[in-house]
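In what follows, a single structure is set out as structure tokens and then discussed.
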Amino acid sequence: MEDYYLKVSKGHTDRRKLKSRLMIILCYVAAAMAILPLLYIFFYTTMQGASSLNIDFFTELPKPVGESGGGMANAILGTLILVALGSVIGIPVGIFAGIYITEYSKSIFANVIKFVTDVLSGIPSIIIGIFAYGLIVIPMKSFSAYAGGFALGVLMIPTITRITEEMLKLVPHSLREAALALGIPRWKTTLRIVLRTAQSGIITGVLLAIARAAGETAPLLFTSFGNSFWSTSLDSPMASIPVQIFNYAISPYDEWHSKAWAGAFVLISLVFIVSLIVRLATRNKFSQTA
């Protein structure tokens, strides 16, 4: 009888081990299926675009049809300006919204903000572009960097808000209680202790939101539109890398197709580098916060 129970127990153990190994294999397969498309896009873009990169690409303006050479210097500068404008709008609004949702989670207004943030995160970016078009472009009667920066800022808000909320939730309540017990006002506790403790994770979310906004095309087609010349005026149309890639990609010219691949390679490289730097710079700090 004892041998029988031992055999039954061993059989159950073997089946559990088999199921465990099977599930681990399935997890590896699922992870590979998620990573392979990203690797394929990155390496294919690299092969197509790296060969078209040179100094002129970063220093010269686009050439007219029929002329070889040229670059995307104005689009690179325009992208930096538009992302900076978007950051001025999106970062403070997103961070303070995340703080309010976390620290005043029981209020009705906090629940409303959380709901609106969830809805906003699911709205297609082209709708945000149309919204900015109606709000800024039509009254100004002109495409402008202001409108493009506003659209990118709105796109950044939900990402920053939700990441700020999640990072602040990881801060132990004992820190808040200790600060309040010492007589520190609640707003100082939030800004100087809670926010500082979670700053690594919040910075990660901010940079990831910036990386996402830098690659958006649809909102800029309705707002900043594009420009073939140098333009630093915020109330006029401004070039950007995504829009320039779009214009080159839909053209029938091989020279422009090469420039589009080069622009795509630069854009994806910037996003990759920013994401990598964020992960490396905040890895240890984030683990300590968590």
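Residues in the structure tokens are named by chain (A, B, ... in the order shown) and by number from 1 within that chain; ligands are numbered from 1 in the order shown.
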Quick one: residues within 9 Å of range 88-102 of chain A, only C-alpha atoms, excluding same-chain residues fewer than 6 positions away - as a PDB file with N, CA and C atoms, in the first residue's frame?
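Writing the result to part11.pdb gives the following:
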```pdb
ATOM      1  N   PHE A 109     -13.522  64.710  -7.874  1.00  0.00           N
ATOM      2  CA  PHE A 109     -12.763  65.331  -8.960  1.00  0.00           C
ATOM      3  C   PHE A 109     -11.572  64.471  -9.374  1.00  0.00           C
ATOM      4  N   ALA A 110     -10.931  63.804  -8.399  1.00  0.00           N
ATOM      5  CA  ALA A 110      -9.809  62.912  -8.722  1.00  0.00           C
ATOM      6  C   ALA A 110     -10.278  61.747  -9.576  1.00  0.00           C
ATOM      7  N   ASN A 111     -11.440  61.200  -9.266  1.00  0.00           N
ATOM      8  CA  ASN A 111     -11.992  60.106 -10.069  1.00  0.00           C
ATOM      9  C   ASN A 111     -12.342  60.572 -11.481  1.00  0.00           C
ATOM     10  N   ILE A 113     -10.806  63.033 -13.096  1.00  0.00           N
ATOM     11  CA  ILE A 113      -9.528  63.190 -13.800  1.00  0.00           C
ATOM     12  C   ILE A 113      -8.995  61.837 -14.244  1.00  0.00           C
ATOM     13  N   LYS A 114      -9.083  60.837 -13.387  1.00  0.00           N
ATOM     14  CA  LYS A 114      -8.599  59.497 -13.720  1.00  0.00           C
ATOM     15  C   LYS A 114      -9.372  58.926 -14.900  1.00  0.00           C
ATOM     16  N   GLY A 149       2.954  71.869 -31.038  1.00  0.00           N
ATOM     17  CA  GLY A 149       3.396  71.625 -29.670  1.00  0.00           C
ATOM     18  C   GLY A 149       2.245  71.335 -28.736  1.00  0.00           C
ATOM     19  N   PHE A 150       1.128  72.035 -28.932  1.00  0.00           N
ATOM     20  CA  PHE A 150      -0.056  71.784 -28.115  1.00  0.00           C
ATOM     21  C   PHE A 150      -0.563  70.360 -28.323  1.00  0.00           C
ATOM     22  N   LEU A 152       1.118  67.688 -29.328  1.00  0.00           N
ATOM     23  CA  LEU A 152       2.049  66.738 -28.718  1.00  0.00           C
ATOM     24  C   LEU A 152       1.941  66.766 -27.195  1.00  0.00           C
ATOM     25  N   GLY A 153       1.745  67.949 -26.626  1.00  0.00           N
ATOM     26  CA  GLY A 153       1.587  68.051 -25.181  1.00  0.00           C
ATOM     27  C   GLY A 153       0.368  67.297 -24.679  1.00  0.00           C
ATOM     28  N   VAL A 154      -0.752  67.413 -25.405  1.00  0.00           N
ATOM     29  CA  VAL A 154      -1.965  66.677 -25.028  1.00  0.00           C
ATOM     30  C   VAL A 154      -1.729  65.174 -25.105  1.00  0.00           C
ATOM     31  N   LEU A 155      -0.979  64.729 -26.094  1.00  0.00           N
ATOM     32  CA  LEU A 155      -0.673  63.298 -26.220  1.00  0.00           C
ATOM     33  C   LEU A 155       0.207  62.806 -25.073  1.00  0.00           C
ATOM     34  N   MET A 156       1.051  63.670 -24.546  1.00  0.00           N
ATOM     35  CA  MET A 156       1.955  63.274 -23.468  1.00  0.00           C
ATOM     36  C   MET A 156       1.261  63.194 -22.118  1.00  0.00           C
ATOM     37  N   ILE A 157       0.185  63.929 -21.932  1.00  0.00           N
ATOM     38  CA  ILE A 157      -0.447  64.043 -20.613  1.00  0.00           C
ATOM     39  C   ILE A 157      -0.882  62.701 -20.031  1.00  0.00           C
ATOM     40  N   PRO A 158      -1.646  61.859 -20.748  1.00  0.00           N
ATOM     41  CA  PRO A 158      -2.105  60.615 -20.107  1.00  0.00           C
ATOM     42  C   PRO A 158      -0.981  59.682 -19.698  1.00  0.00           C
ATOM     43  N   THR A 159       0.060  59.577 -20.512  1.00  0.00           N
ATOM     44  CA  THR A 159       1.183  58.702 -20.166  1.00  0.00           C
ATOM     45  C   THR A 159       1.874  59.181 -18.898  1.00  0.00           C
ATOM     46  N   ILE A 160       2.168  60.472 -18.829  1.00  0.00           N
ATOM     47  CA  ILE A 160       2.854  61.017 -17.657  1.00  0.00           C
ATOM     48  C   ILE A 160       1.967  60.928 -16.424  1.00  0.00           C
ATOM     49  N   THR A 161       0.679  61.189 -16.592  1.00  0.00           N
ATOM     50  CA  THR A 161      -0.249  61.144 -15.456  1.00  0.00           C
ATOM     51  C   THR A 161      -0.316  59.757 -14.837  1.00  0.00           C
ATOM     52  N   ARG A 162      -0.491  58.738 -15.667  1.00  0.00           N
ATOM     53  CA  ARG A 162      -0.639  57.388 -15.142  1.00  0.00           C
ATOM     54  C   ARG A 162       0.656  56.870 -14.535  1.00  0.00           C
ATOM     55  N   ILE A 163       1.793  57.167 -15.158  1.00  0.00           N
ATOM     56  CA  ILE A 163       3.067  56.706 -14.591  1.00  0.00           C
ATOM     57  C   ILE A 163       3.354  57.436 -13.283  1.00  0.00           C
ATOM     58  N   THR A 164       3.074  58.734 -13.222  1.00  0.00           N
ATOM     59  CA  THR A 164       3.244  59.465 -11.967  1.00  0.00           C
ATOM     60  C   THR A 164       2.376  58.881 -10.872  1.00  0.00           C
ATOM     61  N   GLU A 165       1.141  58.560 -11.209  1.00  0.00           N
ATOM     62  CA  GLU A 165       0.233  57.958 -10.233  1.00  0.00           C
ATOM     63  C   GLU A 165       0.784  56.640  -9.707  1.00  0.00           C
ATOM     64  N   GLU A 166       1.231  55.779 -10.608  1.00  0.00           N
ATOM     65  CA  GLU A 166       1.735  54.470 -10.191  1.00  0.00           C
ATOM     66  C   GLU A 166       3.004  54.595  -9.363  1.00  0.00           C
ATOM     67  N   LEU A 168       3.912  57.157  -7.443  1.00  0.00           N
ATOM     68  CA  LEU A 168       3.599  57.714  -6.130  1.00  0.00           C
ATOM     69  C   LEU A 168       2.923  56.675  -5.237  1.00  0.00           C
ATOM     70  N   LYS A 169       2.197  55.760  -5.832  1.00  0.00           N
ATOM     71  CA  LYS A 169       1.573  54.701  -5.036  1.00  0.00           C
ATOM     72  C   LYS A 169       2.605  53.759  -4.423  1.00  0.00           C
ATOM     73  N   THR A 190       4.217  66.305   0.087  1.00  0.00           N
ATOM     74  CA  THR A 190       4.025  65.743  -1.251  1.00  0.00           C
ATOM     75  C   THR A 190       5.151  66.138  -2.194  1.00  0.00           C
ATOM     76  N   LEU A 195       7.266  63.178  -3.781  1.00  0.00           N
ATOM     77  CA  LEU A 195       7.650  63.355  -5.182  1.00  0.00           C
ATOM     78  C   LEU A 195       9.140  63.078  -5.391  1.00  0.00           C
ATOM     79  N   ILE A 202       9.200  58.671 -12.244  1.00  0.00           N
ATOM     80  CA  ILE A 202       8.493  59.744 -12.950  1.00  0.00           C
ATOM     81  C   ILE A 202       9.320  60.241 -14.128  1.00  0.00           C
ATOM     82  N   VAL A 206       8.321  60.416 -18.072  1.00  0.00           N
ATOM     83  CA  VAL A 206       8.403  61.659 -18.848  1.00  0.00           C
ATOM     84  C   VAL A 206       9.203  61.443 -20.126  1.00  0.00           C
ATOM     85  N   ALA A 209       7.313  59.346 -22.610  1.00  0.00           N
ATOM     86  CA  ALA A 209       6.267  60.140 -23.255  1.00  0.00           C
ATOM     87  C   ALA A 209       6.857  61.059 -24.316  1.00  0.00           C
TER      88      ALA A 209
END
```
Tell me which protein, DNA and RNA residues are within 6 Å of range 39-52 of chain A, counting only C-alpha atoms, leaving out same-chain ones fewer than 6 positions away, and put them as an MDAnalysis selection string. chainID A and resid 261:262 265
Nearby residues (only C-alpha atoms) at most 9 Å from Trp230 in chain A, same-chain spacing under 4 positions excluded, as a VMD selection string: chain A and resid 61 73 to 75 77 to 78 238 to 239
Take the residues from that selection and put them in a file with N, CA and C atoms, as a short mmCIF file (atom, residue, chain, number, x, y, z; two decimals), in the first residue's frame.
```
data_model
loop_
_atom_site.label_atom_id
_atom_site.label_comp_id
_atom_site.auth_asym_id
_atom_site.auth_seq_id
_atom_site.Cartn_x
_atom_site.Cartn_y
_atom_site.Cartn_z
N LEU A 61 19.30 71.59 -46.06
CA LEU A 61 17.86 71.59 -46.27
C LEU A 61 17.49 70.57 -47.34
N ALA A 73 17.90 68.87 -42.01
CA ALA A 73 18.34 69.69 -40.89
C ALA A 73 17.19 70.50 -40.31
N ASN A 74 16.36 71.07 -41.17
CA ASN A 74 15.24 71.88 -40.68
C ASN A 74 14.22 71.01 -39.95
N ALA A 75 14.02 69.76 -40.42
CA ALA A 75 13.07 68.87 -39.77
C ALA A 75 13.58 68.42 -38.40
N LEU A 77 15.63 70.14 -36.41
CA LEU A 77 15.45 71.28 -35.52
C LEU A 77 13.98 71.49 -35.18
N GLY A 78 13.11 71.35 -36.17
CA GLY A 78 11.68 71.52 -35.93
C GLY A 78 11.14 70.50 -34.95
N MET A 238 6.05 74.61 -39.45
CA MET A 238 7.39 74.16 -39.07
C MET A 238 7.58 72.71 -39.49
N ALA A 239 8.76 72.41 -40.00
CA ALA A 239 9.08 71.05 -40.44
C ALA A 239 9.30 70.14 -39.24
#
```
Out of range 101-269 of chain A, which residues get alpha helix (DSSP H) from DSSP, as a VMD selection string? chain A and resid 101 to 103 108 to 122 125 to 132 138 to 140 145 to 169 173 to 181 186 to 188 195 to 197 199 to 214 218 to 221 241 to 249 254 to 269
Can you tell me which residues surround Arg176 in chain A at a distance of at most 8 Å, considering only C-alpha atoms, apart from same-chain residues fewer than 2 positions away, and format the answer as a ChimeraX atom specification? /A:172-174,178-180,189-190,193-194
